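Trainee: If you scroll down you'll find the structure; I have some questions about it.
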Amino acid sequence: MSTTATVSRAPSVEAPAFTQTPQPKIDAETAKRLANRFILENLPDRFCAGAPRFLQFPLRTFWAVPVVLSYPRLGPVGQTGILAVDTETGAVVGWTPLEEIKEIGKTIYDERKADIEAAFFAGKKRLIPAR
């Protein structure tokens, strides 16, 4: 006995034709500052906001702000997630799950541990006074 499967496709949705790119009320620097506030309130230290990218959806626009793991004297070592900041209100309206951001941060730390420790100890040597 043979069975035939019928596959139905969702109707295609056409994006509205924007005659011009909408101008955000919240600029990139403000979005980064708001993202950093969210990060400070919800994640451990060493996480910070990266450079925002403008993201346009048919009904709304957002700043996509990377969450970055960073260390003193070494700088950014990897992206761990992303936040969405509404360009109209400045509200953080979406994010990579916080536990996932932490897990990715731990993975990056494990992969870059030698570099991170070398940068840390290089700074310590400069702080130790000569005898």
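We name chains A, B, ... following the order of the structure tokens; residues begin at 1 in each chain, and ligands are numbered from 1 as shown.
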For region 28-37 of chain A, work out the shell of residues within 6 Å, counting only C-alpha atoms and skipping chain neighbours fewer than 3 positions away, then give it as a list of chain:residue names.
Mentor: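 Once the adjacent positions are removed, what remains is A:Leu40, A:Cys48, A:Ala49, A:Pro52.
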Trainee: Write the residues you've just listed into a file as an mmCIF file, in the first residue's frame, and include N, CA and C atoms for each of them.
Mentor:
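What follows is the written file selection12.cif:
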```cif
data_model
loop_
_atom_site.group_PDB
_atom_site.id
_atom_site.type_symbol
_atom_site.label_atom_id
_atom_site.label_comp_id
_atom_site.auth_asym_id
_atom_site.auth_seq_id
_atom_site.Cartn_x
_atom_site.Cartn_y
_atom_site.Cartn_z
ATOM 1 N N LEU A 40 25.008 44.775 32.762
ATOM 2 C CA LEU A 40 25.456 44.971 34.146
ATOM 3 C C LEU A 40 24.429 44.456 35.153
ATOM 4 N N CYS A 48 30.257 42.727 28.092
ATOM 5 C CA CYS A 48 29.949 44.115 27.723
ATOM 6 C C CYS A 48 29.308 44.138 26.338
ATOM 7 N N ALA A 49 28.816 45.313 25.956
ATOM 8 C CA ALA A 49 28.167 45.479 24.658
ATOM 9 C C ALA A 49 29.199 45.774 23.574
ATOM 10 N N PRO A 52 26.734 48.177 17.891
ATOM 11 C CA PRO A 52 25.370 47.898 17.424
ATOM 12 C C PRO A 52 25.261 47.913 15.896
#
```
Trainee: Between A:Gly81, A:Glu100, A:Trp63, A:Ala114, which has the minimum distance to Asp27 (chain A) (counting only C-alpha atoms)?
Mentor: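 Looking only at the distances to Asp27 (chain A), the closest residue turns out to be A:Trp63.
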Trainee: Identify, on the basis of only C-alpha atoms, every residue whose closest approach to Asn42 (chain A) does not exceed 12 Å; exclude the query and any residue fewer than 5 positions from it along the same chain; express the result as a compact mmCIF listing (two decimals) with C-alpha atoms, in the first residue's frame.
Mentor:
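Below is the file selection23.txt, written as the result:
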```
# COMPACT_ATOMS: atom_id res chain seq x y z
CA ALA A 35 22.62 47.36 26.35
CA ASN A 36 25.53 47.77 28.79
CA ARG A 37 23.07 48.69 31.54
CA PHE A 47 30.57 40.89 29.64
CA CYS A 48 29.95 44.12 27.72
CA VAL A 67 27.27 40.72 23.94
CA VAL A 92 15.89 45.92 25.46
CA TRP A 95 18.23 38.68 24.01
CA THR A 96 20.06 35.42 23.77
CA PRO A 97 19.02 33.41 26.86
CA LEU A 98 21.23 34.56 29.76
CA GLU A 99 22.30 31.03 30.71
CA ILE A 101 25.44 33.67 27.17
CA LYS A 102 27.19 32.46 30.34
```
Trainee: Give the strand (DSSP E or B) residues of region 61-115 of chain A, as DSSP finds them on the backbone, and put them as a PDB file with C-alpha atoms, in the first residue's frame.
Mentor:
```pdb
ATOM      1  CA  THR A  61      13.471  48.564  13.662  1.00  0.00           C
ATOM      2  CA  PHE A  62      15.991  47.492  16.279  1.00  0.00           C
ATOM      3  CA  TRP A  63      19.641  47.795  17.168  1.00  0.00           C
ATOM      4  CA  ALA A  64      21.230  44.330  17.287  1.00  0.00           C
ATOM      5  CA  VAL A  65      23.914  44.692  19.963  1.00  0.00           C
ATOM      6  CA  PRO A  66      26.447  41.887  20.423  1.00  0.00           C
ATOM      7  CA  VAL A  67      27.270  40.719  23.945  1.00  0.00           C
ATOM      8  CA  VAL A  68      31.032  40.332  24.168  1.00  0.00           C
ATOM      9  CA  LEU A  69      33.340  38.655  26.681  1.00  0.00           C
ATOM     10  CA  SER A  70      36.226  41.001  27.396  1.00  0.00           C
ATOM     11  CA  TYR A  71      39.278  41.048  29.669  1.00  0.00           C
ATOM     12  CA  GLY A  75      40.163  43.323  25.174  1.00  0.00           C
ATOM     13  CA  PRO A  76      37.304  41.412  23.535  1.00  0.00           C
ATOM     14  CA  VAL A  77      37.876  37.672  23.263  1.00  0.00           C
ATOM     15  CA  GLY A  78      34.581  36.572  21.712  1.00  0.00           C
ATOM     16  CA  GLN A  79      30.896  37.191  21.137  1.00  0.00           C
ATOM     17  CA  THR A  80      28.583  35.331  23.504  1.00  0.00           C
ATOM     18  CA  GLY A  81      25.139  36.528  22.473  1.00  0.00           C
ATOM     19  CA  ILE A  82      23.080  39.402  21.176  1.00  0.00           C
ATOM     20  CA  LEU A  83      20.539  41.912  22.506  1.00  0.00           C
ATOM     21  CA  ALA A  84      17.783  43.677  20.559  1.00  0.00           C
ATOM     22  CA  VAL A  85      17.214  47.320  21.486  1.00  0.00           C
ATOM     23  CA  ASP A  86      14.058  49.002  20.169  1.00  0.00           C
ATOM     24  CA  VAL A  92      15.890  45.922  25.456  1.00  0.00           C
ATOM     25  CA  VAL A  93      13.182  43.756  23.900  1.00  0.00           C
ATOM     26  CA  GLY A  94      15.031  40.525  23.184  1.00  0.00           C
ATOM     27  CA  TRP A  95      18.229  38.679  24.013  1.00  0.00           C
TER      28      TRP A  95
END
```
Trainee: Rank A:Glu88, A:Lys25, A:Arg46, A:Leu74 by their smallest atom-to-atom distance to Glu117 (chain A), using only C-alpha atoms, and report the top residue only.
Mentor: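 Under the stated criterion, the closest residue is A:Leu74.
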Trainee: How far is it from CA of Lys106 (chain A) to CA of Asp45 (chain A), in Å with one decimal?
Mentor: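 Separating CA of Lys106 (chain A) from CA of Asp45 (chain A) is a distance of 12.5 Å.
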Trainee: Using only C-alpha atoms, which of A:Ile26, A:Lys113, A:Gln20, A:Ala118 sits nearest Arg73 (chain A)?
Mentor: A:Ala118
